[in-house]
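This is work.tsv. It holds TSV, C-alpha atoms.
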chain	number	residue	atom	x	y	z
A	69	MET	CA	-18.51	-1.42	-21.07
A	70	LYS	CA	-17.11	-1.70	-17.55
A	71	LEU	CA	-13.60	-3.04	-17.00
A	72	THR	CA	-11.59	-4.07	-13.96
A	73	LEU	CA	-7.86	-4.13	-13.32
A	74	GLU	CA	-8.04	-7.92	-13.44
A	75	ASN	CA	-9.53	-8.14	-16.95
A	76	LEU	CA	-7.86	-5.07	-18.48
A	77	ALA	CA	-4.90	-7.00	-19.91
A	78	GLY	CA	-7.16	-9.57	-21.56
A	79	HIS	CA	-9.34	-6.83	-23.03
A	80	LEU	CA	-6.34	-4.99	-24.50
A	81	GLN	CA	-5.23	-8.13	-26.32
A	82	GLY	CA	-8.34	-7.83	-28.50
A	83	ARG	CA	-9.80	-4.89	-30.34
A	84	MET	CA	-9.42	-1.63	-28.43
A	85	ALA	CA	-12.38	0.54	-27.54
A	86	PRO	CA	-12.48	4.04	-29.09
A	87	VAL	CA	-12.80	5.70	-25.66
A	88	TYR	CA	-11.40	4.85	-22.22
A	89	LEU	CA	-12.48	6.49	-18.97
A	90	VAL	CA	-10.14	5.65	-16.06
A	91	SER	CA	-11.16	6.93	-12.63
A	92	GLY	CA	-9.67	6.51	-9.15
A	93	ASP	CA	-7.45	7.98	-6.46
A	94	GLU	CA	-4.83	5.20	-6.28
A	95	THR	CA	-2.04	6.97	-8.17
A	96	LEU	CA	0.05	3.86	-8.80
A	97	LEU	CA	-2.81	1.69	-10.09
A	98	VAL	CA	-4.32	4.43	-12.22
A	99	GLY	CA	-0.90	5.15	-13.72
A	100	GLU	CA	-0.25	1.49	-14.49
A	101	ALA	CA	-3.66	1.09	-16.14
A	102	CYS	CA	-3.08	4.17	-18.30
A	103	ASP	CA	0.40	2.91	-19.24
A	104	ALA	CA	-1.12	-0.36	-20.43
A	105	ILE	CA	-3.74	1.47	-22.52
A	106	ARG	CA	-1.09	3.76	-24.04
A	107	ALA	CA	1.15	0.81	-24.91
A	108	SER	CA	-1.72	-1.00	-26.65
A	109	ALA	CA	-2.65	2.21	-28.46
A	110	ARG	CA	0.88	2.56	-29.81
A	111	ALA	CA	0.87	-1.07	-30.92
A	112	ALA	CA	-2.43	-0.41	-32.74
A	113	GLY	CA	-0.87	2.48	-34.67
A	114	PHE	CA	-1.91	5.46	-32.53
A	115	ALA	CA	1.64	6.81	-32.49
A	116	ALA	CA	0.88	10.50	-31.86
A	117	ARG	CA	-0.14	11.53	-28.35
A	118	GLU	CA	-1.81	14.78	-27.34
A	119	VAL	CA	-2.29	15.51	-23.62
A	120	HIS	CA	-4.50	18.15	-21.99
A	121	PHE	CA	-4.38	18.90	-18.26
A	122	ILE	CA	-7.67	20.42	-17.09
A	123	GLU	CA	-7.11	22.75	-14.14
A	124	ARG	CA	-9.27	25.78	-15.05
A	125	ALA	CA	-12.56	26.27	-16.88
A	126	GLY	CA	-10.75	27.94	-19.77
A	127	ASP	CA	-8.71	24.80	-20.48
A	128	TRP	CA	-11.72	23.21	-22.19
A	129	ALA	CA	-11.43	25.50	-25.20
A	130	ALA	CA	-8.18	23.83	-26.28
A	131	VAL	CA	-9.75	20.38	-25.91
A	132	GLU	CA	-12.81	21.41	-27.90
A	133	GLY	CA	-10.61	22.76	-30.66
A	134	SER	CA	-8.59	19.57	-30.75
A	135	VAL	CA	-11.68	17.37	-30.96
A	136	GLY	CA	-12.83	19.19	-34.09
A	137	THR	CA	-9.42	19.06	-35.78
A	138	MET	CA	-8.34	16.04	-37.79
A	139	SER	CA	-4.69	15.26	-38.42
A	140	LEU	CA	-3.49	16.94	-41.60
A	141	PHE	CA	-1.59	13.80	-42.53
A	142	GLY	CA	-4.21	11.30	-41.44
A	143	ASP	CA	-2.08	10.06	-38.53
A	144	LEU	CA	-3.75	8.08	-35.77
A	145	ARG	CA	-3.50	9.86	-32.42
A	146	LEU	CA	-4.17	9.28	-28.75
A	147	LEU	CA	-6.05	12.20	-27.19
A	148	GLU	CA	-5.51	12.14	-23.42
A	149	ILE	CA	-7.54	14.34	-21.05
A	150	ARG	CA	-6.48	14.48	-17.40
A	151	LEU	CA	-8.96	16.08	-15.00
A	152	GLN	CA	-7.98	17.57	-11.66
A	153	SER	CA	-11.58	17.23	-10.46
A	154	ALA	CA	-14.30	14.72	-11.21
A	155	LYS	CA	-16.75	17.63	-11.62
A	156	PRO	CA	-15.92	19.24	-14.97
A	157	GLY	CA	-18.83	21.68	-14.92
A	158	LYS	CA	-21.41	22.30	-17.63
A	159	GLU	CA	-18.93	23.30	-20.35
A	160	GLY	CA	-16.49	20.51	-19.51
A	161	GLY	CA	-19.28	17.94	-19.38
A	162	ALA	CA	-20.41	18.91	-22.86
A	163	VAL	CA	-16.87	18.64	-24.24
A	164	LEU	CA	-16.35	15.25	-22.59
A	165	ALA	CA	-19.65	13.96	-23.98
A	166	SER	CA	-18.54	15.04	-27.45
A	167	LEU	CA	-15.43	12.83	-27.10
A	168	ALA	CA	-17.75	9.83	-27.40
A	169	ARG	CA	-18.26	10.84	-31.03
A	170	SER	CA	-14.58	11.22	-31.94
A	171	GLY	CA	-13.55	9.94	-35.35
A	172	PRO	CA	-11.72	6.68	-36.11
A	173	ASP	CA	-8.37	8.49	-36.27
A	174	THR	CA	-8.57	9.42	-32.58
A	175	LEU	CA	-8.47	7.15	-29.52
A	176	VAL	CA	-9.57	8.97	-26.36
A	177	LEU	CA	-8.27	8.42	-22.82
A	178	VAL	CA	-9.94	10.40	-20.03
A	179	VAL	CA	-8.37	10.18	-16.55
A	180	THR	CA	-10.26	11.49	-13.53
A	181	PRO	CA	-10.23	11.18	-9.73
A	182	HIS	CA	-12.76	8.84	-8.09
A	183	LEU	CA	-16.27	9.21	-9.51
A	184	ASP	CA	-18.94	9.40	-6.83
A	185	ARG	CA	-22.51	8.30	-7.47
A	186	ASP	CA	-23.56	11.68	-8.90
A	187	ALA	CA	-20.56	11.81	-11.25
A	188	GLN	CA	-21.24	8.26	-12.45
A	189	ALA	CA	-24.82	9.28	-13.29
A	190	SER	CA	-23.73	12.38	-15.24
A	191	ALA	CA	-24.40	12.57	-18.97
A	192	TRP	CA	-20.71	12.82	-19.87
A	193	ALA	CA	-19.67	9.77	-17.82
A	194	LYS	CA	-22.50	7.68	-19.24
A	195	ALA	CA	-21.69	8.80	-22.79
A	196	LEU	CA	-18.02	7.83	-22.46
A	197	ALA	CA	-18.79	4.47	-20.82
A	198	GLU	CA	-21.39	3.59	-23.45
A	199	ALA	CA	-19.15	4.61	-26.35
A	200	GLY	CA	-16.11	2.79	-25.00
A	201	ALA	CA	-14.97	1.43	-21.64
A	202	TRP	CA	-14.97	2.67	-18.05
A	203	LEU	CA	-12.29	1.39	-15.66
A	204	PRO	CA	-12.98	2.37	-12.02
A	205	VAL	CA	-9.82	1.81	-9.95
A	206	ARG	CA	-10.77	0.81	-6.41
A	207	GLU	CA	-8.70	1.69	-3.36
A	208	VAL	CA	-6.77	-1.10	-1.67
A	209	ASP	CA	-7.88	-1.07	1.98
A	210	ALA	CA	-5.92	-2.21	5.02
A	211	GLN	CA	-7.33	-5.75	4.87
A	212	GLN	CA	-6.48	-6.12	1.18
A	213	LEU	CA	-3.01	-4.54	1.43
A	214	PRO	CA	-1.08	-7.66	2.61
A	215	GLY	CA	-2.53	-9.73	-0.25
A	216	TRP	CA	-1.73	-6.96	-2.73
A	217	LEU	CA	1.87	-6.73	-1.50
A	218	ALA	CA	2.31	-10.51	-1.61
A	219	GLN	CA	1.00	-10.59	-5.19
A	220	ARG	CA	3.37	-7.79	-6.21
A	221	CYS	CA	6.29	-9.63	-4.62
A	222	ARG	CA	5.47	-12.79	-6.56
A	223	ARG	CA	5.20	-10.75	-9.75
A	224	VAL	CA	8.89	-9.78	-9.49
A	225	GLY	CA	9.99	-13.30	-8.52
A	226	LEU	CA	9.97	-13.05	-4.73
A	227	ALA	CA	8.28	-15.56	-2.42
A	228	PRO	CA	7.55	-13.59	0.78
A	229	SER	CA	6.81	-15.08	4.17
A	230	ASP	CA	3.70	-13.93	6.02
A	231	GLU	CA	5.88	-11.97	8.45
A	232	ALA	CA	7.71	-10.22	5.61
A	233	VAL	CA	4.39	-9.19	4.09
A	234	ALA	CA	3.06	-7.99	7.47
A	235	LEU	CA	6.18	-5.88	8.02
A	236	LEU	CA	5.96	-4.39	4.53
A	237	ALA	CA	2.30	-3.53	5.13
A	238	ALA	CA	3.15	-1.84	8.42
A	239	ARG	CA	5.91	0.18	6.77
A	240	VAL	CA	3.96	1.52	3.79
A	241	GLU	CA	0.63	2.05	5.64
A	242	GLY	CA	-1.54	1.99	2.55
A	243	ASN	CA	0.80	3.97	0.27
A	244	LEU	CA	0.86	1.66	-2.75
A	245	LEU	CA	3.54	3.65	-4.55
A	246	ALA	CA	5.84	3.36	-1.53
A	247	GLY	CA	5.02	-0.35	-1.33
A	248	GLN	CA	5.98	-0.93	-4.95
A	249	GLN	CA	9.22	1.02	-4.48
A	250	GLU	CA	10.11	-1.11	-1.46
A	251	ILE	CA	9.45	-4.29	-3.45
A	252	ASP	CA	11.57	-3.08	-6.37
A	253	LYS	CA	14.40	-2.32	-3.95
A	254	LEU	CA	14.12	-5.72	-2.27
A	255	ARG	CA	14.26	-7.48	-5.64
A	256	LEU	CA	17.68	-5.89	-6.17
A	257	LEU	CA	18.96	-6.66	-2.66
A	258	VAL	CA	17.63	-10.16	-1.97
A	259	GLU	CA	19.51	-13.16	-3.27
A	260	GLY	CA	17.21	-15.94	-4.39
A	261	GLU	CA	13.44	-15.97	-4.21
A	262	ARG	CA	12.58	-16.38	-0.54
A	263	LEU	CA	11.85	-13.08	1.25
A	264	GLU	CA	11.93	-13.11	5.05
A	265	ALA	CA	11.13	-10.38	7.58
A	266	ALA	CA	14.81	-10.03	8.49
A	267	GLN	CA	15.59	-9.14	4.87
A	268	VAL	CA	12.88	-6.46	4.89
A	269	LEU	CA	14.45	-5.00	8.02
A	270	ALA	CA	17.89	-5.23	6.45
A	271	ALA	CA	16.69	-3.14	3.52
A	272	VAL	CA	15.81	-0.39	5.99
A	273	ALA	CA	19.14	-0.46	7.80
A	274	ASP	CA	21.44	-3.31	8.80
A	275	SER	CA	21.95	-1.92	12.31
A	276	SER	CA	18.20	-1.60	12.80
A	277	ARG	CA	17.68	-5.26	11.94
A	278	TYR	CA	20.03	-6.57	14.60
A	279	ASP	CA	18.91	-4.13	17.27
A	280	VAL	CA	15.22	-4.91	16.78
A	281	PHE	CA	15.90	-8.62	17.20
A	282	ARG	CA	18.07	-7.90	20.26
A	283	LEU	CA	15.10	-6.06	21.73
A	284	SER	CA	12.89	-9.10	21.14
A	285	GLU	CA	15.47	-11.31	22.79
A	286	ALA	CA	15.70	-9.01	25.84
A	287	VAL	CA	11.94	-8.78	26.46
A	288	LEU	CA	11.51	-12.53	26.06
A	289	ALA	CA	14.25	-13.11	28.60
A	290	GLY	CA	12.66	-10.61	30.99
A	291	ASP	CA	15.87	-8.54	31.03
A	292	ALA	CA	14.33	-5.09	31.60
A	293	PRO	CA	17.58	-3.05	31.88
A	294	ARG	CA	18.87	-4.45	28.59
A	295	ALA	CA	15.51	-4.10	26.84
A	296	LEU	CA	15.14	-0.44	27.82
A	297	ARG	CA	18.77	0.25	26.88
A	298	VAL	CA	18.27	-1.27	23.41
A	299	LEU	CA	14.98	0.58	23.01
A	300	GLU	CA	16.67	3.90	23.79
A	301	GLY	CA	19.39	3.06	21.27
A	302	LEU	CA	16.81	2.39	18.57
A	303	ARG	CA	15.14	5.69	19.29
A	304	GLY	CA	18.45	7.55	19.16
A	305	GLU	CA	19.32	5.99	15.80
A	306	GLY	CA	16.05	7.19	14.28
A	307	VAL	CA	14.53	3.73	13.81
A	308	GLU	CA	10.82	3.92	13.01
A	309	PRO	CA	8.62	3.06	16.00
A	310	THR	CA	6.50	0.96	13.61
A	311	LEU	CA	9.37	-1.54	13.33
A	312	VAL	CA	9.79	-1.72	17.09
A	313	LEU	CA	6.07	-2.30	17.63
A	314	TRP	CA	6.07	-4.99	14.92
A	315	ALA	CA	8.89	-6.86	16.69
A	316	LEU	CA	7.16	-6.72	20.09
A	317	THR	CA	3.71	-7.75	18.83
A	318	ARG	CA	5.34	-10.58	16.88
A	319	GLU	CA	6.66	-12.03	20.13
A	320	LEU	CA	3.39	-11.38	21.92
A	321	ARG	CA	1.47	-13.35	19.27
A	322	GLN	CA	3.99	-16.19	19.47
A	323	LEU	CA	3.64	-16.41	23.26
A	324	TRP	CA	-0.14	-16.38	22.99
A	325	ALA	CA	0.05	-19.26	20.50
A	326	LEU	CA	2.29	-21.16	22.93
A	327	ARG	CA	-0.18	-20.63	25.74
A	328	GLN	CA	-3.09	-21.83	23.59
A	329	GLY	CA	-1.09	-24.80	22.34
A	330	GLY	CA	-2.20	-24.12	18.73
A	331	PRO	CA	-0.38	-24.24	15.38
A	332	GLY	CA	2.10	-21.64	16.59
A	333	GLU	CA	3.47	-24.12	19.15
A	334	ARG	CA	6.67	-24.72	17.20
A	335	GLY	CA	7.02	-21.24	15.74
A	336	PRO	CA	9.74	-20.13	13.30
A	337	TRP	CA	13.36	-21.18	13.64
A	338	ARG	CA	15.35	-18.93	15.98
A	339	PRO	CA	19.05	-18.45	16.70
A	340	PRO	CA	20.17	-20.20	19.93
A	341	ALA	CA	20.14	-17.02	22.04
A	342	GLN	CA	16.58	-16.17	20.96
A	343	ALA	CA	15.44	-19.77	21.44
A	344	ALA	CA	16.80	-19.69	25.01
A	345	ALA	CA	15.03	-16.38	25.67
A	346	LEU	CA	11.78	-17.82	24.35
A	347	GLU	CA	12.13	-20.79	26.70
A	348	ARG	CA	12.51	-18.40	29.64
A	349	ALA	CA	9.37	-16.54	28.50
A	350	ARG	CA	7.51	-19.85	28.26
A	351	ARG	CA	8.06	-20.40	31.98
A	352	ARG	CA	6.43	-17.02	32.70
A	353	LEU	CA	3.31	-17.74	30.64
A	354	PRO	CA	0.94	-18.58	33.54
A	355	ARG	CA	1.31	-15.05	34.91
A	356	PHE	CA	1.79	-13.21	31.62
A	357	PRO	CA	-0.43	-10.03	31.41
A	358	PHE	CA	-1.62	-10.54	27.83
A	359	ALA	CA	-4.58	-8.14	28.13
A	360	ARG	CA	-2.44	-5.28	29.44
A	361	LEU	CA	0.26	-5.87	26.84
A	362	ALA	CA	-2.30	-5.93	24.02
A	363	SER	CA	-3.76	-2.68	25.34
A	364	ARG	CA	-0.28	-1.10	25.40
A	365	ALA	CA	0.44	-2.27	21.86
A	366	LEU	CA	-2.87	-0.89	20.61
A	367	ARG	CA	-2.21	2.49	22.24
A	368	ALA	CA	1.28	2.65	20.71
A	369	ASP	CA	-0.14	1.80	17.29
A	370	ARG	CA	-2.77	4.54	17.55
A	371	MET	CA	-0.14	7.07	18.65
A	372	ILE	CA	2.10	6.16	15.71
A	373	LYS	CA	-0.83	6.71	13.33
A	374	GLY	CA	-1.82	10.00	14.98
A	375	ARG	CA	-5.15	8.69	16.23
A	376	LEU	CA	-4.26	9.13	19.90
A	377	GLN	CA	-2.34	11.92	21.57
A	378	GLY	CA	0.92	10.91	23.16
A	379	GLU	CA	4.51	9.93	22.44
A	380	PRO	CA	4.74	6.45	20.85
A	381	TRP	CA	8.22	5.85	22.28
A	382	ASP	CA	6.96	6.42	25.84
A	383	GLU	CA	4.22	3.85	25.30
A	384	LEU	CA	6.73	1.43	23.78
A	385	LEU	CA	8.90	1.87	26.87
A	386	LEU	CA	5.97	0.93	29.11
A	387	LEU	CA	5.17	-2.02	26.81
A	388	CYS	CA	8.74	-3.31	27.10
A	389	ALA	CA	8.76	-2.83	30.87
A	390	GLU	CA	5.55	-4.85	31.35
A	391	PHE	CA	6.75	-7.46	28.85
A	392	CYS	CA	9.75	-7.97	31.13
A	393	GLY	CA	7.58	-8.36	34.21
A	394	LEU	CA	7.72	-4.85	35.66
A	395	ARG	CA	4.51	-3.17	36.76
A	396	ALA	CA	3.62	0.11	35.04
A	397	PRO	CA	0.58	2.37	35.55
A	398	ALA	CA	-2.49	0.94	33.87
A	399	PRO	CA	-3.41	2.51	30.50
A	400	PRO	CA	-6.32	5.01	30.75
A	401	ARG	CA	-9.72	3.46	30.16
A	402	GLY	CA	-11.23	4.01	26.75
A	403	ALA	CA	-7.91	5.11	25.23

Please express the file's structure as structure tokens.
Amino acid sequence: MKLTLENLAGHLQGRMAPVYLVSGDETLLVGEACDAIRASARAAGFAAREVHFIERAGDWAAVEGSVGTMSLFGDLRLLEIRLQSAKPGKEGGAVLASLARSGPDTLVLVVTPHLDRDAQASAWAKALAEAGAWLPVREVDAQQLPGWLAQRCRRVGLAPSDEAVALLAARVEGNLLAGQQEIDKLRLLVEGERLEAAQVLAAVADSSRYDVFRLSEAVLAGDAPRALRVLEGLRGEGVEPTLVLWALTRELRQLWALRQGGPGERGPWRPPAQAAALERARRRLPRFPFARLASRALRADRMIKGRLQGEPWDELLLLCAEFCGLRAPAPPRGA
């Protein structure tokens, strides 16, 4: 039987399988799936839990001995095997295959890293899946991350805006455990249900929130001295360059929407000072260097992620300068 994270809860409400194989590299999701299986096992009477961590070939002897030993008192037990590698070797494979024939007093949970095609075709993996259930935990990629974060926010009673979700995604960069921790923290800090980008920034640092929005206001107004002064202040305070880039690209997208006259024409509500700065930027739209600014933003993003050599703050400085109307050297071609 093959399960998914989506149908696991429904499956556990019925009769449990005698064997569960959970595989994947997403630590948070694998842990949550195993927690759900353990909780259902306890509810079904499997109160005792025996855990084996497999790190060396010799560790299989203890598992093999446990498989052949019944509880002296007839207690139901959960036998949990956690593998460091998805390649258990010949001896380990034989022991794992034998778990498919465990008695009714033992419920087996095997936890492994991601199973590649060869591992899925192995005799031990097939034996466990056929005797019980296999739950492959898929990675959440960059395109799926915003939707995953939004779903997790709603699960704890938060209703996030698209900008709040985008900022969260930029902050955690695919680390689901960090994302869940941020959401748990926001649930404690945010009053009410609505979650806005400003509240996400506030959870990082109150001073960072106001300074990032002051930077946006300065670049929209074309005030280069102020923008560069605020940028230097953000750098000195240790603010993450990811937050700065998010604020600048947010304004760039809004200006592009204004130029196209699309749905972003009205845009979100802004304080009076920011609204006035946006009006000044609107008057500069006919000569706005969107292509150069997008290239700068992309270079800064790649530097932040370590995919391009260079100092992200230097590229952000050039991005702010050109946003304000100053002319900076063109970015290198192909970079």

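Here the question is which of A:Ala104, A:Leu89, A:Leu254, A:Ala111 gets nearest to Glu148 of chain A using all atoms listed in the file, and that residue is A:Leu89.
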
Padded axis-aligned box of segment 363-374 of chain A (6 Å per side), centre and edge lengths, Å, one decimal, as lines of an AutoDock Vina configuration file:
center_x = -0.8
center_y = 3.7
center_z = 19.4
size_x = 17.9
size_y = 24.7
size_z = 24.1

Rounded to one decimal in Å, what is the spacing between atom CA of Glu308 of chain A and atom CA of Cys221 of chain A?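 Between atom CA of Glu308 of chain A and atom CA of Cys221 of chain A the gap works out to 22.7 Å.
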
To one decimal in Å, tell me the separation between atom CA of Glu123 of chain A and atom CA of Leu151 of chain A.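 Atom-to-atom, atom CA of Glu123 of chain A to atom CA of Leu151 of chain A, that is 7.0 Å.
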
Any idea what's packed within 8 Å of Ala154 of chain A, counting all atoms listed in the file, ignoring anything in its chain fewer than 3 positions away? Could you give it as number ranges by chain? A: 151, 180-183, 187

Can I get the selected residues back with C-alpha atoms, as a compact mmCIF listing (two decimals), in the frame of the given file?
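Done, and the output landed in again05.txt:
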# COMPACT_ATOMS: atom_id res chain seq x y z
CA LEU A 151 -8.96 16.08 -15.00
CA THR A 180 -10.26 11.49 -13.53
CA PRO A 181 -10.23 11.18 -9.73
CA HIS A 182 -12.76 8.84 -8.09
CA LEU A 183 -16.27 9.21 -9.51
CA ALA A 187 -20.56 11.81 -11.25

Can you pull out every residue within 8 Å of Ala289 of chain A, counting only C-alpha atoms, but drop anything in the same chain fewer than 5 positions away, and send it as a PDB file with C-alpha atoms, in the coordinates of the input?
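File around.pdb, as written:
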ATOM      1  CA  ALA A 344      16.800 -19.690  25.010  1.00  0.00           C
ATOM      2  CA  ALA A 345      15.030 -16.380  25.670  1.00  0.00           C
ATOM      3  CA  LEU A 346      11.780 -17.820  24.350  1.00  0.00           C
ATOM      4  CA  ARG A 348      12.510 -18.400  29.640  1.00  0.00           C
ATOM      5  CA  ALA A 349       9.370 -16.540  28.500  1.00  0.00           C
ATOM      6  CA  CYS A 392       9.750  -7.970  31.130  1.00  0.00           C
TER       7      CYS A 392
END

Under the rule that all atoms listed in the file are counted, which of A:Lys155, A:Leu296, A:Gly171, A:Leu177 is the nearest residue to Arg117 of chain A?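 Using all atoms listed in the file, the shortest distance to Arg117 of chain A belongs to A:Leu177.
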
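The space separating atom CA of Leu226 of chain A from atom CA of Ala341 of chain A comes to 28.9 Å.
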
Shortest contact to Asp291 of chain A, candidates A:Met84, A:Ala368, A:Leu394, A:Ala129, atoms counted all atoms listed in the file, goes to A:Leu394

Need the shell around segment 280-285 of chain A: protein/DNA/RNA residues with any atom at most 7 Å away, counting all atoms listed in the file. Skip same-chain ones fewer than 2 positions apart. Format as a list in words? Ser276, Arg277, Tyr278, Val287, Leu288, Ala289, Ala295, Val298, Leu299, Val312, Ala315, Leu316, Glu319, Gln342 and Ala345 of chain A

With only C-alpha atoms as the counted atoms, please give the residues lying no more than 12 Å from Gly99 of chain A, apart from itself and same-chain residues fewer than 3 positions off, as a list of chain:residue names.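 Selected residues are A:Leu73, A:Val90, A:Ser91, A:Gly92, A:Asp93, A:Glu94, A:Thr95, A:Leu96, A:Cys102, A:Asp103, A:Ala104, A:Ile105, A:Arg106, A:Arg150, A:Val179, A:Thr180, A:Pro181, A:Val205, A:Leu244, A:Leu245.
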